[in-house]
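File shown: run.cif. Contents: mmCIF, C-alpha atoms.
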```
data_final
loop_
_atom_site.label_atom_id
_atom_site.label_comp_id
_atom_site.auth_asym_id
_atom_site.auth_seq_id
_atom_site.Cartn_x
_atom_site.Cartn_y
_atom_site.Cartn_z
CA MET W 23 -45.30 -1.96 -34.21
CA ALA W 24 -46.91 -5.36 -34.43
CA THR W 25 -49.14 -6.67 -31.66
CA PRO W 26 -47.58 -9.38 -29.45
CA ARG W 27 -48.88 -12.85 -30.26
CA PRO W 28 -49.68 -15.61 -27.75
CA ALA W 29 -46.65 -17.83 -27.24
CA ARG W 30 -46.65 -21.61 -27.19
CA TRP W 31 -44.86 -24.01 -24.85
CA TRP W 32 -45.45 -22.77 -21.30
CA HIS W 33 -47.31 -23.80 -18.17
CA ALA W 34 -48.41 -22.31 -14.86
CA LEU W 35 -46.53 -23.12 -11.64
CA ASP W 36 -48.08 -23.58 -8.21
CA ASP W 37 -46.45 -20.38 -6.94
CA GLY W 38 -48.26 -18.26 -9.55
CA ARG W 39 -45.38 -17.88 -11.97
CA LEU W 40 -45.50 -19.06 -15.58
CA GLN W 41 -42.68 -21.26 -16.85
CA CYS W 42 -41.56 -20.97 -20.45
CA ASP W 43 -40.93 -24.46 -21.82
CA LEU W 44 -39.37 -23.43 -25.13
CA CYS W 45 -35.73 -23.98 -24.21
CA PRO W 46 -33.64 -25.39 -21.35
CA GLN W 47 -33.44 -21.95 -19.71
CA GLU W 48 -37.04 -22.64 -18.58
CA CYS W 49 -37.55 -19.06 -17.37
CA LYS W 50 -40.09 -18.64 -14.59
CA LEU W 51 -41.90 -15.32 -14.93
CA ARG W 52 -44.16 -13.04 -12.96
CA ASP W 53 -46.43 -10.54 -14.68
CA GLY W 54 -44.47 -8.18 -16.95
CA GLN W 55 -41.22 -10.11 -16.75
CA ARG W 56 -39.31 -11.23 -19.84
CA GLY W 57 -37.36 -14.43 -20.39
CA ALA W 58 -33.61 -14.62 -20.91
CA CYS W 59 -34.25 -14.26 -24.64
CA PHE W 60 -35.99 -10.90 -23.98
CA VAL W 61 -38.65 -11.48 -26.65
CA ARG W 62 -40.95 -13.78 -24.67
CA ARG W 63 -42.88 -11.90 -21.97
CA ARG W 64 -45.58 -12.65 -19.46
CA ASP W 65 -48.71 -10.57 -20.00
CA GLY W 66 -51.22 -11.35 -17.27
CA SER W 67 -52.17 -15.00 -17.47
CA GLN W 68 -50.27 -15.84 -20.66
CA LEU W 69 -46.88 -15.69 -22.38
CA VAL W 70 -46.52 -13.66 -25.55
CA LEU W 71 -43.96 -13.35 -28.35
CA THR W 72 -43.25 -9.64 -28.64
CA THR W 73 -41.44 -9.75 -32.01
CA TYR W 74 -43.93 -11.63 -34.18
CA GLY W 75 -44.04 -9.96 -37.60
CA LEU W 76 -41.01 -7.77 -36.96
CA ALA W 77 -37.46 -8.15 -38.27
CA SER W 78 -34.11 -6.49 -37.70
CA GLY W 79 -33.47 -6.61 -41.43
CA PHE W 80 -33.59 -8.66 -44.63
CA CYS W 81 -30.77 -9.50 -46.99
CA VAL W 82 -30.27 -11.75 -50.02
CA ASP W 83 -27.16 -13.85 -49.37
CA PRO W 84 -25.35 -16.79 -50.97
CA ILE W 85 -26.40 -20.04 -49.31
CA GLU W 86 -22.72 -20.76 -48.58
CA LYS W 87 -22.75 -17.87 -46.11
CA LYS W 88 -25.10 -19.67 -43.71
CA PRO W 89 -22.82 -21.75 -44.04
CA LEU W 90 -24.31 -24.59 -46.07
CA ALA W 91 -22.04 -26.28 -48.63
CA HIS W 92 -24.29 -29.22 -49.57
CA PHE W 93 -27.65 -27.46 -49.92
CA TYR W 94 -28.13 -26.22 -53.48
CA PRO W 95 -24.65 -24.69 -53.93
CA GLY W 96 -24.49 -21.24 -55.47
CA SER W 97 -28.16 -20.46 -54.81
CA SER W 98 -29.44 -17.33 -53.11
CA VAL W 99 -31.31 -17.19 -49.83
CA LEU W 100 -33.41 -14.43 -48.28
CA SER W 101 -32.08 -14.06 -44.72
CA PHE W 102 -33.71 -12.37 -41.77
CA GLY W 103 -33.80 -12.32 -37.99
CA THR W 104 -35.35 -10.42 -35.12
CA VAL W 105 -33.62 -9.44 -31.85
CA GLY W 106 -32.69 -11.27 -28.66
CA CYS W 107 -31.21 -14.69 -27.95
CA ASN W 108 -31.61 -17.47 -25.40
CA LEU W 109 -27.83 -17.76 -25.02
CA ALA W 110 -25.41 -15.11 -23.77
CA CYS W 111 -22.24 -15.80 -25.75
CA ARG W 112 -19.44 -13.52 -24.62
CA TYR W 113 -17.98 -13.57 -28.12
CA CYS W 114 -21.20 -13.18 -30.15
CA GLN W 115 -20.46 -12.01 -33.70
CA ASN W 116 -24.00 -10.55 -33.98
CA TRP W 117 -24.10 -9.10 -30.47
CA ASP W 118 -25.77 -5.86 -31.58
CA ILE W 119 -28.83 -7.92 -32.60
CA SER W 120 -28.76 -10.76 -30.09
CA THR W 121 -28.32 -8.49 -27.07
CA SER W 122 -30.53 -5.66 -28.30
CA ARG W 123 -33.24 -4.41 -26.00
CA ASP W 124 -34.18 -1.64 -28.40
CA ALA W 125 -37.37 -2.04 -30.41
CA ASP W 126 -35.98 0.46 -32.92
CA ARG W 127 -33.73 -2.30 -34.27
CA LEU W 128 -36.87 -3.97 -35.58
CA GLN W 129 -37.00 -1.91 -38.74
CA ASP W 130 -39.10 -4.14 -41.00
CA ALA W 131 -42.67 -5.27 -40.41
CA ALA W 132 -43.35 -8.33 -42.52
CA SER W 133 -46.06 -10.94 -42.56
CA PRO W 134 -45.15 -14.54 -43.35
CA ALA W 135 -46.80 -14.18 -46.78
CA SER W 136 -44.83 -11.03 -47.61
CA ILE W 137 -41.56 -12.79 -46.74
CA ALA W 138 -42.36 -15.61 -49.15
CA ARG W 139 -43.36 -13.13 -51.86
CA ALA W 140 -40.13 -11.16 -51.45
CA ALA W 141 -38.01 -14.30 -51.66
CA THR W 142 -39.78 -15.32 -54.85
CA GLN W 143 -39.45 -11.85 -56.38
CA TRP W 144 -35.70 -11.83 -55.69
CA GLY W 145 -35.25 -15.26 -57.26
CA CYS W 146 -34.21 -16.97 -54.03
CA ARG W 147 -34.35 -20.71 -53.66
CA SER W 148 -34.81 -20.56 -49.88
CA VAL W 149 -35.46 -18.37 -46.84
CA ALA W 150 -33.15 -18.47 -43.82
CA PHE W 151 -34.07 -17.68 -40.23
CA THR W 152 -30.74 -16.37 -38.97
CA TYR W 153 -28.76 -13.43 -37.47
CA ASN W 154 -30.27 -14.32 -34.08
CA ASP W 155 -31.55 -17.74 -33.10
CA PRO W 156 -34.92 -18.59 -34.73
CA VAL W 157 -35.81 -20.85 -31.82
CA ILE W 158 -36.80 -17.77 -29.81
CA PHE W 159 -39.19 -16.54 -32.53
CA ALA W 160 -40.34 -20.03 -33.45
CA GLU W 161 -44.03 -19.17 -33.87
CA TYR W 162 -43.17 -16.46 -36.42
CA ALA W 163 -40.58 -18.63 -38.19
CA MET W 164 -42.96 -21.60 -38.42
CA ASP W 165 -45.69 -19.48 -40.00
CA ALA W 166 -43.16 -17.94 -42.39
CA ALA W 167 -41.88 -21.41 -43.29
CA ASP W 168 -45.40 -22.57 -44.13
CA ALA W 169 -45.87 -19.55 -46.39
CA CYS W 170 -42.54 -20.26 -48.07
CA HIS W 171 -43.40 -23.88 -48.72
CA GLU W 172 -46.65 -22.78 -50.39
CA GLU W 173 -44.49 -20.77 -52.82
CA GLY W 174 -42.17 -23.72 -53.48
CA LEU W 175 -39.32 -22.28 -51.39
CA LYS W 176 -37.05 -24.17 -49.02
CA THR W 177 -36.43 -23.08 -45.44
CA VAL W 178 -33.19 -22.87 -43.45
CA ALA W 179 -32.59 -22.47 -39.72
CA VAL W 180 -29.25 -21.18 -38.45
CA THR W 181 -29.38 -22.09 -34.78
CA ALA W 182 -27.49 -22.96 -31.63
CA GLY W 183 -29.88 -25.88 -31.16
CA TYR W 184 -30.74 -24.92 -27.57
CA VAL W 185 -34.37 -26.03 -27.46
CA ASN W 186 -36.51 -28.47 -25.52
CA PRO W 187 -37.77 -31.71 -27.14
CA GLU W 188 -41.44 -30.85 -27.82
CA PRO W 189 -40.86 -27.41 -29.41
CA ARG W 190 -37.83 -28.87 -31.18
CA ARG W 191 -40.03 -31.47 -32.85
CA GLU W 192 -42.67 -28.92 -33.86
CA PHE W 193 -40.23 -26.25 -35.05
CA PHE W 194 -38.01 -28.44 -37.20
CA ALA W 195 -41.01 -30.08 -38.84
CA HIS W 196 -41.18 -26.80 -40.81
CA ILE W 197 -37.46 -26.68 -41.73
CA ASP W 198 -35.63 -28.17 -44.73
CA ALA W 199 -32.01 -27.50 -43.74
CA ALA W 200 -30.20 -26.39 -40.62
CA ASN W 201 -26.75 -25.23 -39.71
CA VAL W 202 -26.31 -25.94 -36.01
CA ASP W 203 -23.62 -24.09 -34.09
CA LEU W 204 -21.70 -26.67 -32.06
CA LYS W 205 -19.75 -24.10 -30.09
CA SER W 206 -17.44 -26.44 -28.26
CA PHE W 207 -17.23 -30.00 -26.99
CA SER W 208 -16.81 -28.78 -23.41
CA GLU W 209 -19.55 -28.27 -20.82
CA GLU W 210 -17.24 -25.84 -19.04
CA PHE W 211 -17.02 -23.71 -22.22
CA TYR W 212 -20.78 -23.67 -22.64
CA ALA W 213 -21.41 -22.72 -19.00
CA ARG W 214 -18.70 -20.07 -18.80
CA LEU W 215 -18.94 -18.42 -22.22
CA THR W 216 -22.57 -18.96 -23.30
CA ARG W 217 -24.59 -19.43 -20.07
CA SER W 218 -26.02 -22.65 -21.42
CA HIS W 219 -25.19 -26.35 -21.51
CA LEU W 220 -23.69 -28.73 -24.06
CA GLN W 221 -25.91 -31.81 -23.78
CA PRO W 222 -29.17 -30.22 -25.05
CA VAL W 223 -27.28 -29.09 -28.17
CA LEU W 224 -25.91 -32.59 -28.78
CA ASP W 225 -29.43 -33.96 -28.28
CA THR W 226 -30.82 -31.55 -30.89
CA ILE W 227 -28.14 -32.44 -33.42
CA SER W 228 -28.64 -36.18 -32.92
CA TYR W 229 -32.40 -35.77 -33.20
CA LEU W 230 -32.14 -33.84 -36.46
CA VAL W 231 -29.74 -36.27 -38.09
CA HIS W 232 -31.37 -39.52 -36.97
CA GLU W 233 -35.07 -38.69 -36.70
CA THR W 234 -35.87 -36.02 -39.31
CA PRO W 235 -35.35 -35.38 -43.04
CA VAL W 236 -33.72 -32.00 -42.27
CA TRP W 237 -30.37 -31.59 -44.03
CA VAL W 238 -27.82 -30.77 -41.28
CA GLU W 239 -24.41 -29.11 -41.32
CA LEU W 240 -22.44 -28.04 -38.25
CA THR W 241 -20.25 -25.02 -37.50
CA THR W 242 -17.64 -24.58 -34.79
CA LEU W 243 -16.10 -21.13 -34.32
CA LEU W 244 -12.54 -21.79 -33.15
CA ILE W 245 -11.53 -19.26 -30.49
CA PRO W 246 -7.81 -19.12 -29.63
CA GLY W 247 -7.18 -20.36 -26.10
CA HIS W 248 -10.78 -21.45 -25.53
CA ASN W 249 -11.82 -24.33 -27.79
CA ASP W 250 -9.01 -24.81 -30.31
CA THR W 251 -6.80 -27.51 -28.77
CA ASP W 252 -6.04 -30.64 -30.76
CA ASP W 253 -7.70 -32.73 -28.05
CA GLU W 254 -10.99 -30.86 -28.14
CA VAL W 255 -11.09 -30.74 -31.94
CA ARG W 256 -10.43 -34.47 -32.05
CA ARG W 257 -13.14 -35.27 -29.48
CA LEU W 258 -15.68 -33.06 -31.24
CA SER W 259 -14.87 -34.49 -34.67
CA GLY W 260 -14.87 -38.03 -33.32
CA TRP W 261 -18.33 -37.51 -31.84
CA VAL W 262 -19.66 -36.19 -35.14
CA ALA W 263 -18.19 -39.13 -37.08
CA GLY W 264 -19.27 -41.76 -34.56
CA GLU W 265 -22.66 -40.41 -33.49
CA LEU W 266 -23.86 -38.78 -36.70
CA GLY W 267 -21.84 -40.43 -39.45
CA PRO W 268 -19.00 -39.35 -41.74
CA ASP W 269 -21.17 -37.49 -44.27
CA VAL W 270 -22.35 -34.67 -41.97
CA PRO W 271 -20.40 -31.57 -43.07
CA LEU W 272 -18.44 -29.76 -40.37
CA HIS W 273 -17.32 -26.14 -40.79
CA PHE W 274 -14.47 -24.68 -38.74
CA SER W 275 -14.79 -20.91 -38.75
CA ALA W 276 -12.31 -18.18 -37.80
CA PHE W 277 -13.01 -16.01 -34.76
CA HIS W 278 -12.59 -12.23 -34.94
CA PRO W 279 -12.47 -10.16 -31.71
CA SER W 280 -16.00 -9.22 -30.74
CA HIS W 281 -18.30 -8.25 -27.87
CA HIS W 282 -16.64 -9.23 -24.55
CA LEU W 283 -13.69 -11.06 -26.09
CA MET W 284 -11.95 -8.11 -27.71
CA ASP W 285 -8.68 -9.13 -26.04
CA VAL W 286 -8.58 -12.50 -27.84
CA PRO W 287 -6.63 -12.51 -31.14
CA PRO W 288 -8.17 -13.64 -34.44
CA THR W 289 -7.95 -17.33 -35.29
CA PRO W 290 -4.85 -18.02 -37.40
CA PRO W 291 -5.58 -19.75 -40.71
CA SER W 292 -3.15 -22.47 -39.65
CA THR W 293 -5.47 -23.36 -36.74
CA LEU W 294 -8.36 -23.93 -39.15
CA ARG W 295 -6.22 -26.05 -41.46
CA ARG W 296 -5.00 -28.10 -38.49
CA ALA W 297 -8.57 -28.62 -37.25
CA ARG W 298 -9.64 -29.69 -40.72
CA ARG W 299 -6.81 -32.22 -40.90
CA ILE W 300 -7.74 -33.67 -37.49
CA ALA W 301 -11.43 -33.94 -38.40
CA ARG W 302 -10.56 -35.78 -41.60
CA GLU W 303 -8.30 -38.11 -39.61
CA GLU W 304 -11.31 -38.85 -37.40
CA GLY W 305 -13.20 -40.03 -40.47
CA LEU W 306 -15.26 -37.04 -41.58
CA HIS W 307 -15.69 -36.77 -45.35
CA HIS W 308 -16.63 -33.11 -45.67
CA VAL W 309 -14.75 -30.58 -43.55
CA TYR W 310 -14.71 -26.89 -44.45
CA THR W 311 -12.95 -23.75 -43.25
CA GLY W 312 -14.69 -20.38 -43.04
CA ASN W 313 -13.94 -16.67 -42.62
CA VAL W 314 -10.58 -17.17 -44.34
CA ARG W 315 -9.52 -17.77 -47.93
CA ASP W 316 -8.56 -21.43 -48.13
CA PRO W 317 -9.09 -23.14 -51.51
CA ASP W 318 -8.83 -26.68 -50.14
CA GLY W 319 -11.12 -25.87 -47.21
CA GLU W 320 -13.74 -24.28 -49.47
CA THR W 321 -13.85 -27.19 -51.94
CA THR W 322 -16.21 -30.16 -51.85
CA TRP W 323 -14.12 -33.29 -52.49
CA CYS W 324 -15.31 -36.76 -53.43
CA PRO W 325 -14.73 -39.01 -50.39
CA GLU W 326 -14.18 -42.02 -52.64
CA CYS W 327 -11.83 -40.94 -55.43
CA GLY W 328 -10.62 -37.62 -54.02
CA GLN W 329 -11.55 -35.49 -57.04
CA ALA W 330 -12.73 -31.89 -56.61
CA LEU W 331 -16.48 -31.65 -57.19
CA VAL W 332 -17.37 -28.09 -56.18
CA ARG W 333 -14.63 -25.47 -56.20
CA ARG W 334 -15.33 -22.15 -54.47
CA ASP W 335 -13.64 -18.80 -54.00
CA TRP W 336 -15.27 -17.35 -50.90
CA TYR W 337 -18.92 -17.71 -51.93
CA GLN W 338 -18.37 -17.85 -55.69
CA ILE W 339 -18.76 -21.24 -57.40
CA LEU W 340 -15.79 -21.71 -59.74
CA GLU W 341 -16.48 -25.29 -60.80
CA TYR W 342 -19.43 -27.64 -60.31
CA ARG W 343 -19.06 -31.26 -61.39
CA LEU W 344 -21.86 -33.05 -59.53
CA THR W 345 -24.42 -34.96 -61.56
CA ALA W 346 -28.11 -34.13 -61.35
CA ASP W 347 -28.62 -36.81 -58.70
CA GLY W 348 -25.64 -35.67 -56.59
CA ARG W 349 -22.99 -38.15 -57.73
CA CYS W 350 -19.32 -37.87 -58.52
CA PRO W 351 -18.94 -38.02 -62.33
CA ASP W 352 -15.64 -39.87 -61.98
CA CYS W 353 -16.47 -42.76 -59.63
CA ASP W 354 -20.27 -42.52 -59.28
CA ALA W 355 -20.08 -42.09 -55.50
CA VAL W 356 -23.18 -40.50 -53.93
CA ILE W 357 -22.43 -37.19 -52.23
CA ALA W 358 -24.68 -36.50 -49.24
CA GLY W 359 -26.77 -33.34 -49.50
CA CYS W 360 -29.39 -31.59 -51.61
CA PHE W 361 -28.18 -30.71 -55.11
CA ALA W 362 -29.47 -29.48 -58.46
CA ASP W 363 -28.27 -30.39 -61.94
CA ALA W 364 -26.32 -27.12 -62.04
CA ALA W 365 -24.95 -24.74 -59.45
CA GLY W 366 -26.59 -21.40 -58.82
CA ASP W 367 -24.79 -18.29 -60.02
CA PHE W 368 -25.60 -15.82 -57.24
CA GLY W 369 -21.92 -15.43 -56.31
CA HIS W 370 -20.62 -13.47 -53.34
CA ARG W 371 -23.12 -10.62 -53.46
CA ARG W 372 -25.02 -9.34 -50.44
CA ILE W 373 -28.19 -7.39 -51.23
CA PRO W 374 -30.06 -5.60 -48.41
CA VAL W 375 -33.82 -5.78 -48.93
CA HIS W 376 -36.52 -3.65 -47.33
CA LEU W 377 -40.00 -5.06 -46.88
CA ALA W 378 -42.48 -2.26 -46.44
CA GLY W 379 -45.03 -3.88 -44.18
CA GLY W 380 -47.58 -6.42 -45.32
#
```
For the file at hand, write its structure as structure tokens.
Amino acid sequence: MATPRPARWWHALDDGRLQCDLCPQECKLRDGQRGACFVRRRDGSQLVLTTYGLASGFCVDPIEKKPLAHFYPGSSVLSFGTVGCNLACRYCQNWDISTSRDADRLQDAASPASIARAATQWGCRSVAFTYNDPVIFAEYAMDAADACHEEGLKTVAVTAGYVNPEPRREFFAHIDAANVDLKSFSEEFYARLTRSHLQPVLDTISYLVHETPVWVELTTLLIPGHNDTDDEVRRLSGWVAGELGPDVPLHFSAFHPSHHLMDVPPTPPSTLRRARRIAREEGLHHVYTGNVRDPDGETTWCPECGQALVRRDWYQILEYRLTADGRCPDCDAVIAGCFADAAGDFGHRRIPVHLAGG
């Protein structure tokens, strides 16, 4: 097991406790106590990150699985996470990792340099911090991102965006692309189903889009009876179009019964198609559907002339018509995102990878 590393972003309180300043949970800890995320612990007079250098697993994935549709389509990404989370989503799709209190789930010991080497050896274009929220292992992710950049790799954060302003600025300075999970457009939903709050997430998204070069896409998991009404979808989509602009891609993803919401049915494909229609009516150019097979909802369309530019079948690229500088070949419209002169050919594979230390 790796040795815990000193954590950043905390201060001492007058009553002797230490307050973690990483995220809006702002846990106040006495000696030996852990934060809500479980991985940040008080050891004597300091806070430590207990999972630095440890991962719950590595896998080579298609970039579309993150999901990112406008960030080097068809390329492969080395994905990894740790354990724990600073939210407590009752429907978490990765609950076995995010809620784990078992160090045995941390199967791979990997230094930042070894992560970058593995990604290069497997021919990946990027490395993704995912499975659980990288905000809670920010020190490890930032060091890994630096190592990746030295090898010419891009970095991706898949996050709920629940982070305070100072660590947010420092963390995302190391990130090239992010998919932020905008779980709902309701404070009541966030409080009841995630034990967190909506506004800090909106603040993070606005910050990333308006104040950083990070490429941003958003995902909303539509849960029947909880966040799938026409009104909420319209308000959420309208906020994205008005606050962020029409070119920020929005993914509507299908819920499958999980964790504490096993009594909720799966999201019907018709709900995703309806949400996509509403979001487009609100002015968004790039709206996708996920976790279902939906050719229209998987395709990147030109917002100017309406021609198909990137056709997908699940994570397989069937057709790629963008020019080298990311333009529509028919009308010369610029398509927002990060593109290459040709799509990657990784396809829909998923390759587990084991890093043996180092």
message: Residues within 12 Å of Leu294 of chain W, please, as a PyMOL selection string. Count all atoms listed in the file; anything in the same chain fewer than 3 positions from it doesn't count.
response: chain W and resi 242-246+249-252+255+272-277+288-291+297-301+309-316+318-320
message: Once the PyMOL selection byres ((chain W and resi 143) around 12) is applied to the coordinates I shared, what remains selected? I want it as a PyMOL selection string.
response: chain W and resi 82+98-100+136-142+144-148+173+175+375+377
statement: Between W:Arg334, W:Asp363, W:Lys87, W:Leu51, smallest distance to Asp347 of chain W by all atoms listed in the file belongs to W:Asp363
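Distance annotation: of W:His308, W:Met164, W:Ala150, W:Phe159, the residue with the minimal separation from Lys176 of chain W is W:Ala150; atom set is all atoms listed in the file.
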Applying 9 Å and all atoms listed in the file, which residues near Thr345 of chain W remain after dropping the ones on its own chain fewer than 5 positions away? List them as a short mmCIF file (atom, residue, chain, number, x, y, z; two decimals) with C-alpha atoms, keeping the file's coordinate frame.
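After the write, out.cif holds the following:
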```
data_model
loop_
_atom_site.label_atom_id
_atom_site.label_comp_id
_atom_site.auth_asym_id
_atom_site.auth_seq_id
_atom_site.Cartn_x
_atom_site.Cartn_y
_atom_site.Cartn_z
CA CYS W 350 -19.32 -37.87 -58.52
CA PRO W 351 -18.94 -38.02 -62.33
CA ASP W 354 -20.27 -42.52 -59.28
CA PHE W 361 -28.18 -30.71 -55.11
CA ALA W 362 -29.47 -29.48 -58.46
CA ASP W 363 -28.27 -30.39 -61.94
CA ALA W 364 -26.32 -27.12 -62.04
#
```
- prompt: Which one is closest to His171 of chain W: W:Ala135, W:Ala91, W:Val202, W:Leu35? Count only C-alpha atoms.
  reply: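 Closest residue, counting only C-alpha atoms: W:Ala135.
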Nearest residue to Glu233 of chain W from the set W:His219, W:His376, W:Arg190, W:Arg256 (distances using only C-alpha atoms):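 Using only C-alpha atoms, the shortest distance to Glu233 of chain W belongs to W:Arg190.
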field: Å distance separating atom CA of Leu215 of chain W from atom CA of Cys111 of chain W, one decimal place
entry: 5.5 Å
Distance criterion (all atoms listed in the file): nearest to Tyr74 of chain W out of W:Arg62, W:His282, W:His232, W:His33: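 Looking at the shortest contact to Tyr74 of chain W, the residue is W:Arg62.
When all atoms listed in the file are used to compute distances to Asp352 of chain W, the closest of the residues W:Phe151, W:Phe211, W:Trp323, W:Phe60 turns out to be W:Trp323.
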query: the PyMOL selection byres ((chain W and resi 180) around 7) on the file shown: which residues, as a PyMOL selection string?
result: chain W and resi 88+151-152+155+178-179+181+200-202
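Distance-wise, atom CA of Asp367 of chain W and atom CA of Val238 of chain W end up 22.7 Å apart.
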Selection result of the PyMOL selection byres ((chain W and resi 184) around 10) on this file, as a PDB file with C-alpha atoms, in the frame of the given file:
```
ATOM      1  CA  LEU W  44     -39.370 -23.430 -25.130  1.00  0.00           C
ATOM      2  CA  CYS W  45     -35.730 -23.980 -24.210  1.00  0.00           C
ATOM      3  CA  PRO W  46     -33.640 -25.390 -21.350  1.00  0.00           C
ATOM      4  CA  GLN W  47     -33.440 -21.950 -19.710  1.00  0.00           C
ATOM      5  CA  ASN W 108     -31.610 -17.470 -25.400  1.00  0.00           C
ATOM      6  CA  LEU W 109     -27.830 -17.760 -25.020  1.00  0.00           C
ATOM      7  CA  ASP W 155     -31.550 -17.740 -33.100  1.00  0.00           C
ATOM      8  CA  VAL W 157     -35.810 -20.850 -31.820  1.00  0.00           C
ATOM      9  CA  ILE W 158     -36.800 -17.770 -29.810  1.00  0.00           C
ATOM     10  CA  THR W 181     -29.380 -22.090 -34.780  1.00  0.00           C
ATOM     11  CA  ALA W 182     -27.490 -22.960 -31.630  1.00  0.00           C
ATOM     12  CA  GLY W 183     -29.880 -25.880 -31.160  1.00  0.00           C
ATOM     13  CA  VAL W 185     -34.370 -26.030 -27.460  1.00  0.00           C
ATOM     14  CA  ASN W 186     -36.510 -28.470 -25.520  1.00  0.00           C
ATOM     15  CA  PRO W 187     -37.770 -31.710 -27.140  1.00  0.00           C
ATOM     16  CA  ARG W 190     -37.830 -28.870 -31.180  1.00  0.00           C
ATOM     17  CA  VAL W 202     -26.310 -25.940 -36.010  1.00  0.00           C
ATOM     18  CA  ASP W 203     -23.620 -24.090 -34.090  1.00  0.00           C
ATOM     19  CA  SER W 218     -26.020 -22.650 -21.420  1.00  0.00           C
ATOM     20  CA  HIS W 219     -25.190 -26.350 -21.510  1.00  0.00           C
ATOM     21  CA  LEU W 220     -23.690 -28.730 -24.060  1.00  0.00           C
ATOM     22  CA  GLN W 221     -25.910 -31.810 -23.780  1.00  0.00           C
ATOM     23  CA  PRO W 222     -29.170 -30.220 -25.050  1.00  0.00           C
ATOM     24  CA  VAL W 223     -27.280 -29.090 -28.170  1.00  0.00           C
ATOM     25  CA  LEU W 224     -25.910 -32.590 -28.780  1.00  0.00           C
ATOM     26  CA  ASP W 225     -29.430 -33.960 -28.280  1.00  0.00           C
ATOM     27  CA  THR W 226     -30.820 -31.550 -30.890  1.00  0.00           C
ATOM     28  CA  ILE W 227     -28.140 -32.440 -33.420  1.00  0.00           C
TER      29      ILE W 227
END
```
message: Within 12 Å of (-33.0, -35.9, -41.6) in the file's own coordinates, which protein, DNA or RNA residues have an atom, counting all atoms listed in the file? List them as a ChimeraX atom specification.
response: /W:194-195,197-200,226-239,266,270,358-360
- prompt: So what do you get for atom CA of Gly247 of chain W versus atom CA of Leu204 of chain W, distance-wise?
  reply: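 Atom-to-atom, atom CA of Gly247 of chain W to atom CA of Leu204 of chain W, that is 16.9 Å.
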Around segment 174-191 of chain W, with edges along x, y and z and 8 Å added on all six sides, what centre and edge lengths do you get, in Å to one decimal, as AutoDock Vina command-line options?
```
--center_x -34.8 --center_y -26.4 --center_z -39.5 --size_x 30.7 --size_y 26.5 --size_z 44.0
```
Near-Ala29 of chain W list (10 Å; all atoms listed in the file; drop same-chain fewer than 3 positions) as an MDAnalysis selection string: chainID W and resid 26 32 42 44 62:64 68:72 74 159:162
Just write segment 340-348 of chain W with N, CA, C and O atoms, as a PDB file, in the first residue's frame, taken from the block above.
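Written output follows (part-v2.pdb):
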```
ATOM      1  N   LEU W 340     -18.517   5.254 -37.863  1.00  0.00           N
ATOM      2  CA  LEU W 340     -18.900   4.713 -39.169  1.00  0.00           C
ATOM      3  C   LEU W 340     -18.521   5.648 -40.311  1.00  0.00           C
ATOM      4  O   LEU W 340     -18.224   5.195 -41.412  1.00  0.00           O
ATOM      5  N   GLU W 341     -18.567   6.951 -40.044  1.00  0.00           N
ATOM      6  CA  GLU W 341     -18.259   7.939 -41.063  1.00  0.00           C
ATOM      7  C   GLU W 341     -17.719   9.192 -40.387  1.00  0.00           C
ATOM      8  O   GLU W 341     -18.231   9.620 -39.357  1.00  0.00           O
ATOM      9  N   TYR W 342     -16.674   9.762 -40.981  1.00  0.00           N
ATOM     10  CA  TYR W 342     -16.040  10.959 -40.407  1.00  0.00           C
ATOM     11  C   TYR W 342     -15.745  11.923 -41.550  1.00  0.00           C
ATOM     12  O   TYR W 342     -14.921  11.634 -42.419  1.00  0.00           O
ATOM     13  N   ARG W 343     -16.446  13.055 -41.571  1.00  0.00           N
ATOM     14  CA  ARG W 343     -16.367  13.969 -42.699  1.00  0.00           C
ATOM     15  C   ARG W 343     -15.820  15.342 -42.318  1.00  0.00           C
ATOM     16  O   ARG W 343     -15.840  16.265 -43.141  1.00  0.00           O
ATOM     17  N   LEU W 344     -15.333  15.508 -41.109  1.00  0.00           N
ATOM     18  CA  LEU W 344     -14.771  16.798 -40.709  1.00  0.00           C
ATOM     19  C   LEU W 344     -13.432  17.043 -41.391  1.00  0.00           C
ATOM     20  O   LEU W 344     -12.648  16.109 -41.600  1.00  0.00           O
ATOM     21  N   THR W 345     -13.156  18.298 -41.715  1.00  0.00           N
ATOM     22  CA  THR W 345     -11.849  18.644 -42.257  1.00  0.00           C
ATOM     23  C   THR W 345     -10.813  18.673 -41.133  1.00  0.00           C
ATOM     24  O   THR W 345     -11.151  18.593 -39.944  1.00  0.00           O
ATOM     25  N   ALA W 346      -9.552  18.814 -41.518  1.00  0.00           N
ATOM     26  CA  ALA W 346      -8.478  18.785 -40.527  1.00  0.00           C
ATOM     27  C   ALA W 346      -8.602  19.892 -39.501  1.00  0.00           C
ATOM     28  O   ALA W 346      -8.151  19.747 -38.359  1.00  0.00           O
ATOM     29  N   ASP W 347      -9.223  21.020 -39.881  1.00  0.00           N
ATOM     30  CA  ASP W 347      -9.388  22.120 -38.922  1.00  0.00           C
ATOM     31  C   ASP W 347     -10.797  22.161 -38.328  1.00  0.00           C
ATOM     32  O   ASP W 347     -11.240  23.195 -37.824  1.00  0.00           O
ATOM     33  N   GLY W 348     -11.513  21.027 -38.385  1.00  0.00           N
ATOM     34  CA  GLY W 348     -12.806  20.918 -37.715  1.00  0.00           C
ATOM     35  C   GLY W 348     -13.929  21.663 -38.393  1.00  0.00           C
ATOM     36  O   GLY W 348     -14.772  22.267 -37.720  1.00  0.00           O
TER      37      GLY W 348
END
```
